[in-house]
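K.L.:
Next up is a structure, given as structure tokens.
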Amino acid sequence: MDSETARYEAPIRTIHPADRMWQPEESWYFATGRSALRLVDIAARASWLPRISSILDLPCGHGRVARYLRSGYPDAKLHFCDIDADGADFCASTFDGTAIHSRPELTEVALPQVDLIWVGSLFTHVDLERTRRWLRHLCESLTPDGVLVASFHGDWSIRMHQDFYPMIDPVSWERILDGYRASGYGYAPYPHGRFGDYGVSLSRPETMIGVVREIPGVRMVGYMERGWADNHDVIMIARDDRDTPWSPSFRTRR
């Protein structure tokens with residue numbers, strides 16, 4: 001097996017018994033992790049970064065993506081952040097990194113400056129105001145030219161909810177759709193506070209592009225519909241000021 005194949009096919013396969021994403025009878029667990037690494041590689045190539053030496057995985061869970069970040073970037077310093085302290089600690093010990101125990105309000109968490117931030121399925125569960133606030137906070141934790149890669153529920157998630165698996169109860173889903181149709185971003189919390197103040201969100205690409213446009217000192221380097229595991233939409237944001245004056249010397253940046 002050559003080194004490039006190993007990046008995608010030979011991650012550490014230790015599974016934590018509390019990993020809610022793990023379903024042995026289905027193949028998508030590892031395929032989803034491989035898809036995340038592919039997106040990270042694409043984002044890195046779209047940026048001015050000469051190399052990725054540090055990565056933040058947030059929320060890391062119990063390592064569905066973390067294992068691929070380690071195999072894909074074996075020399076990088078990895079940070080694993082989750083409100084589930086057990087998950088962050090497991091990732092840190094298993095995939096050789098540093099655990100960060102998160103808080104319900106992400107802006108209260110001190111985050112390291114890193115070259116790349118992977119955010120898989122966080123903004124899919126919060127309202128628009130938290131998305132705006134947390135995206136800005138995360139962008140501030142990027143090194144110059146660093147890249148953030150985040151997933152969202154886009155148009156395809158409507159089909160997923162209707163035809164494959166319902167993400168929330170019917171009444172809440174109608175509330176989400178109402179917001180989505182009216183403003184391009186719909187959200188409703190899970191009923192009965194089942195997962196604290198988290199719920200399900202649904203967003204249009206143009207809405208998320210608008211959100212990124214509100215963040216100073218960055219530029220959007222990519223948007224992929226159904227980019228993550230042929231399911232979630234993905235947005236890529238670089239800490240590279242969109243208003244930097246142009247010069248022919250840009251050719252020397254890469």
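Going through the structure tokens in order, the chains are called A, B, and so on, while each chain numbers its residues from 1 and the ligands are numbered from 1 in the order shown.
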DSSP on the backbone: which residues in stretch 122-251 of chain A end up as strand (DSSP E or B)? Give the answer as a PyMOL selection string.
P.N.:
chain A and resi 142-152+185-189+199-203+219-228+232-238
K.L.:
Using only N, CA and C atoms, please write the residues we just selected to a file, as an mmCIF file, in the first residue's frame.
P.N.:
```cif
data_model
loop_
_atom_site.group_PDB
_atom_site.id
_atom_site.type_symbol
_atom_site.label_atom_id
_atom_site.label_comp_id
_atom_site.auth_asym_id
_atom_site.auth_seq_id
_atom_site.Cartn_x
_atom_site.Cartn_y
_atom_site.Cartn_z
ATOM 1 N N LEU A 142 -8.273 30.740 13.188
ATOM 2 C CA LEU A 142 -7.450 30.289 12.070
ATOM 3 C C LEU A 142 -6.156 31.089 12.000
ATOM 4 N N THR A 143 -5.079 30.421 11.644
ATOM 5 C CA THR A 143 -3.833 31.115 11.338
ATOM 6 C C THR A 143 -4.013 31.877 10.022
ATOM 7 N N PRO A 144 -3.143 32.843 9.721
ATOM 8 C CA PRO A 144 -3.227 33.515 8.418
ATOM 9 C C PRO A 144 -3.218 32.490 7.283
ATOM 10 N N ASP A 145 -4.186 32.613 6.379
ATOM 11 C CA ASP A 145 -4.397 31.693 5.256
ATOM 12 C C ASP A 145 -4.989 30.352 5.679
ATOM 13 N N GLY A 146 -5.287 30.187 6.981
ATOM 14 C CA GLY A 146 -5.909 28.955 7.432
ATOM 15 C C GLY A 146 -7.306 28.784 6.856
ATOM 16 N N VAL A 147 -7.819 27.545 6.914
ATOM 17 C CA VAL A 147 -9.098 27.219 6.272
ATOM 18 C C VAL A 147 -10.030 26.514 7.243
ATOM 19 N N LEU A 148 -11.302 26.898 7.181
ATOM 20 C CA LEU A 148 -12.360 26.236 7.939
ATOM 21 C C LEU A 148 -13.253 25.491 6.956
ATOM 22 N N VAL A 149 -13.568 24.236 7.271
ATOM 23 C CA VAL A 149 -14.450 23.414 6.443
ATOM 24 C C VAL A 149 -15.616 22.977 7.322
ATOM 25 N N ALA A 150 -16.843 23.362 6.951
ATOM 26 C CA ALA A 150 -18.008 23.095 7.805
ATOM 27 C C ALA A 150 -19.161 22.549 6.984
ATOM 28 N N SER A 151 -19.945 21.684 7.624
ATOM 29 C CA SER A 151 -21.089 21.081 6.934
ATOM 30 C C SER A 151 -22.403 21.703 7.397
ATOM 31 N N PHE A 152 -23.402 21.657 6.487
ATOM 32 C CA PHE A 152 -24.728 22.198 6.737
ATOM 33 C C PHE A 152 -25.776 21.289 6.107
ATOM 34 N N TYR A 185 -33.182 30.072 6.088
ATOM 35 C CA TYR A 185 -32.605 29.311 7.216
ATOM 36 C C TYR A 185 -33.730 28.953 8.172
ATOM 37 N N GLY A 186 -33.962 27.661 8.326
ATOM 38 C CA GLY A 186 -34.992 27.185 9.253
ATOM 39 C C GLY A 186 -34.378 26.406 10.389
ATOM 40 N N TYR A 187 -35.012 26.498 11.557
ATOM 41 C CA TYR A 187 -34.479 25.791 12.732
ATOM 42 C C TYR A 187 -35.616 25.504 13.704
ATOM 43 N N ALA A 188 -35.501 24.371 14.383
ATOM 44 C CA ALA A 188 -36.385 24.055 15.507
ATOM 45 C C ALA A 188 -35.610 23.170 16.476
ATOM 46 N N PRO A 189 -35.788 23.381 17.787
ATOM 47 C CA PRO A 189 -35.107 22.531 18.768
ATOM 48 C C PRO A 189 -35.750 21.149 18.822
ATOM 49 N N GLY A 199 -31.031 21.265 17.998
ATOM 50 C CA GLY A 199 -32.170 20.817 17.209
ATOM 51 C C GLY A 199 -31.727 20.480 15.803
ATOM 52 N N VAL A 200 -32.507 20.895 14.818
ATOM 53 C CA VAL A 200 -32.203 20.637 13.412
ATOM 54 C C VAL A 200 -32.337 21.946 12.645
ATOM 55 N N SER A 201 -31.369 22.229 11.790
ATOM 56 C CA SER A 201 -31.423 23.423 10.943
ATOM 57 C C SER A 201 -31.390 23.015 9.480
ATOM 58 N N LEU A 202 -31.822 23.945 8.649
ATOM 59 C CA LEU A 202 -31.864 23.734 7.203
ATOM 60 C C LEU A 202 -31.533 25.073 6.555
ATOM 61 N N SER A 203 -30.575 25.104 5.629
ATOM 62 C CA SER A 203 -30.130 26.388 5.087
ATOM 63 C C SER A 203 -29.937 26.325 3.578
ATOM 64 N N ARG A 219 -12.378 34.996 3.191
ATOM 65 C CA ARG A 219 -13.042 34.848 1.894
ATOM 66 C C ARG A 219 -13.530 33.413 1.772
ATOM 67 N N MET A 220 -14.600 33.226 1.026
ATOM 68 C CA MET A 220 -15.105 31.887 0.790
ATOM 69 C C MET A 220 -14.342 31.273 -0.373
ATOM 70 N N VAL A 221 -13.780 30.077 -0.158
ATOM 71 C CA VAL A 221 -13.005 29.429 -1.218
ATOM 72 C C VAL A 221 -13.752 28.257 -1.839
ATOM 73 N N GLY A 222 -14.931 27.928 -1.316
ATOM 74 C CA GLY A 222 -15.682 26.843 -1.927
ATOM 75 C C GLY A 222 -17.008 26.572 -1.258
ATOM 76 N N TYR A 223 -17.969 26.121 -2.056
ATOM 77 C CA TYR A 223 -19.241 25.617 -1.547
ATOM 78 C C TYR A 223 -19.585 24.392 -2.378
ATOM 79 N N MET A 224 -19.864 23.285 -1.701
ATOM 80 C CA MET A 224 -20.186 22.041 -2.396
ATOM 81 C C MET A 224 -21.528 21.527 -1.906
ATOM 82 N N GLU A 225 -22.493 21.452 -2.820
ATOM 83 C CA GLU A 225 -23.758 20.826 -2.469
ATOM 84 C C GLU A 225 -23.536 19.321 -2.325
ATOM 85 N N ARG A 226 -24.074 18.754 -1.248
ATOM 86 C CA ARG A 226 -23.911 17.315 -0.966
ATOM 87 C C ARG A 226 -22.436 16.908 -0.963
ATOM 88 N N GLY A 227 -21.603 17.784 -0.448
ATOM 89 C CA GLY A 227 -20.168 17.530 -0.500
ATOM 90 C C GLY A 227 -19.677 16.491 0.480
ATOM 91 N N TRP A 228 -20.284 16.421 1.667
ATOM 92 C CA TRP A 228 -19.813 15.476 2.669
ATOM 93 C C TRP A 228 -20.653 14.212 2.614
ATOM 94 N N HIS A 232 -24.434 16.116 3.331
ATOM 95 C CA HIS A 232 -24.396 17.499 3.802
ATOM 96 C C HIS A 232 -23.738 18.423 2.785
ATOM 97 N N ASP A 233 -24.253 19.649 2.697
ATOM 98 C CA ASP A 233 -23.540 20.700 1.974
ATOM 99 C C ASP A 233 -22.300 21.100 2.773
ATOM 100 N N VAL A 234 -21.307 21.637 2.086
ATOM 101 C CA VAL A 234 -20.042 21.989 2.731
ATOM 102 C C VAL A 234 -19.598 23.372 2.271
ATOM 103 N N ILE A 235 -19.172 24.189 3.217
ATOM 104 C CA ILE A 235 -18.633 25.498 2.909
ATOM 105 C C ILE A 235 -17.182 25.557 3.372
ATOM 106 N N MET A 236 -16.338 26.227 2.591
ATOM 107 C CA MET A 236 -14.910 26.359 2.900
ATOM 108 C C MET A 236 -14.566 27.842 2.983
ATOM 109 N N ILE A 237 -13.977 28.245 4.111
ATOM 110 C CA ILE A 237 -13.675 29.643 4.376
ATOM 111 C C ILE A 237 -12.199 29.779 4.710
ATOM 112 N N ALA A 238 -11.513 30.693 4.041
ATOM 113 C CA ALA A 238 -10.093 30.924 4.303
ATOM 114 C C ALA A 238 -9.904 32.244 5.040
#
```
K.L.:
Write out as number ranges by chain all residues of stretch 15-193 of chain A that backbone DSSP assigns to helix (DSSP H, G or I).
P.N.:
A: 28-46, 66-72, 85-94, 106-108, 123-125, 128-139, 156-164, 170-183, 191-193
K.L.:
List as CSV every residue of stretch 167-240 of chain A that is in contact with stretch 9-30 of chain A, defined as an atom at most 12 Å from one of its atoms (using only C-alpha atoms), together with the nearest atom pair and the distance in Å rounded to one decimal, sorted by chain and then rising number.
P.N.:
```
residue,atom,partner,partner_atom,distance
A:Trp228,CA,A:Trp28,CA,11.5
A:Ala229,CA,A:Trp28,CA,8.2
A:Asp230,CA,A:Trp28,CA,10.7
A:Asn231,CA,A:Trp28,CA,11.4
```
K.L.:
Residues within 8 Å of stretch 87-94 of chain A, please, as a list in words. Count only C-alpha atoms; anything in the same chain fewer than 5 positions from it doesn't count.
P.N.:
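The filter keeps Thr14, His16, Cys60, Gly61, His62, Gly63, Ala66, His79, Phe80, Cys81, Asp82, Ala99, Ile100 and His101 of chain A.
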K.L.:
Write the selection just made, keeping C-alpha atoms, as a JSON list (two decimals), in the first residue's frame?
P.N.:
```json
[["chain", "number", "residue", "atom", "x", "y", "z"],
["A", 14, "THR", "CA", -10.34, 1.45, 17.38],
["A", 16, "HIS", "CA", -15.21, 3.56, 21.43],
["A", 60, "CYS", "CA", -14.97, 15.42, 17.31],
["A", 61, "GLY", "CA", -17.42, 12.94, 18.84],
["A", 62, "HIS", "CA", -15.62, 9.63, 19.25],
["A", 63, "GLY", "CA", -13.44, 9.90, 16.18],
["A", 66, "ALA", "CA", -10.49, 12.22, 13.72],
["A", 79, "HIS", "CA", -6.87, 19.22, 18.74],
["A", 80, "PHE", "CA", -10.13, 17.46, 19.50],
["A", 81, "CYS", "CA", -13.01, 19.50, 20.91],
["A", 82, "ASP", "CA", -16.42, 18.32, 22.05],
["A", 99, "ALA", "CA", -8.47, 17.33, 24.16],
["A", 100, "ILE", "CA", -10.53, 20.50, 24.55],
["A", 101, "HIS", "CA", -13.69, 20.25, 26.63]]
```
K.L.:
A:Arg204: which residues within 9 Å, counting only C-alpha atoms, same-chain residues fewer than 4 positions away excluded, as a PDB file with C-alpha atoms, in the first residue's frame?
P.N.:
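part_31.pdb, written as the output of this step:
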```pdb
ATOM      1  CA  HIS A 153     -28.123  20.725   5.937  1.00  0.00           C
ATOM      2  CA  GLY A 154     -28.803  21.992   2.424  1.00  0.00           C
ATOM      3  CA  ASP A 155     -31.630  21.384  -0.037  1.00  0.00           C
ATOM      4  CA  TYR A 180     -36.326  27.929   5.407  1.00  0.00           C
ATOM      5  CA  SER A 183     -35.583  33.473   5.128  1.00  0.00           C
ATOM      6  CA  GLY A 184     -33.363  30.708   3.748  1.00  0.00           C
ATOM      7  CA  TYR A 185     -32.605  29.311   7.216  1.00  0.00           C
ATOM      8  CA  MET A 208     -24.724  30.760   4.076  1.00  0.00           C
ATOM      9  CA  ILE A 209     -22.754  32.716   1.499  1.00  0.00           C
TER      10      ILE A 209
END
```
K.L.:
Just the number, please: distance in Å from atom CA of A:Thr131 to atom CA of A:Pro170, one decimal.
P.N.:
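These atoms are spaced 23.5 Å apart.
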K.L.:
Do you have the atom CA of A:Asp57-atom CA of A:Asp41 distance handy?
P.N.:
14.4 Å
K.L.:
When you look at A:Gln113 with a cut-off of 10 Å (counting only C-alpha atoms), what residues show up, excluding the ones that are within fewer than 3 positions of it in the same chain? I need them as a list in words.
P.N.:
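Those residues are Ser54, Ile55, Leu56, Ala110, Leu116, Ile117, Leu138, Cys139, Glu140, Ser141, Leu142, Thr143, Pro144 and Gly146 of chain A.
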K.L.:
By how many Å are atom CA of A:Tyr68 and atom CA of A:Gly33 apart?
P.N.:
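Between these atoms lies a distance of 6.0 Å.
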K.L.:
Measuring between only C-alpha atoms, which one of A:Gly72, A:Pro248, A:Gly217, A:Pro166 shows the shortest distance to A:Arg34?
P.N.:
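Distance minimum relative to A:Arg34 lands on A:Gly72.
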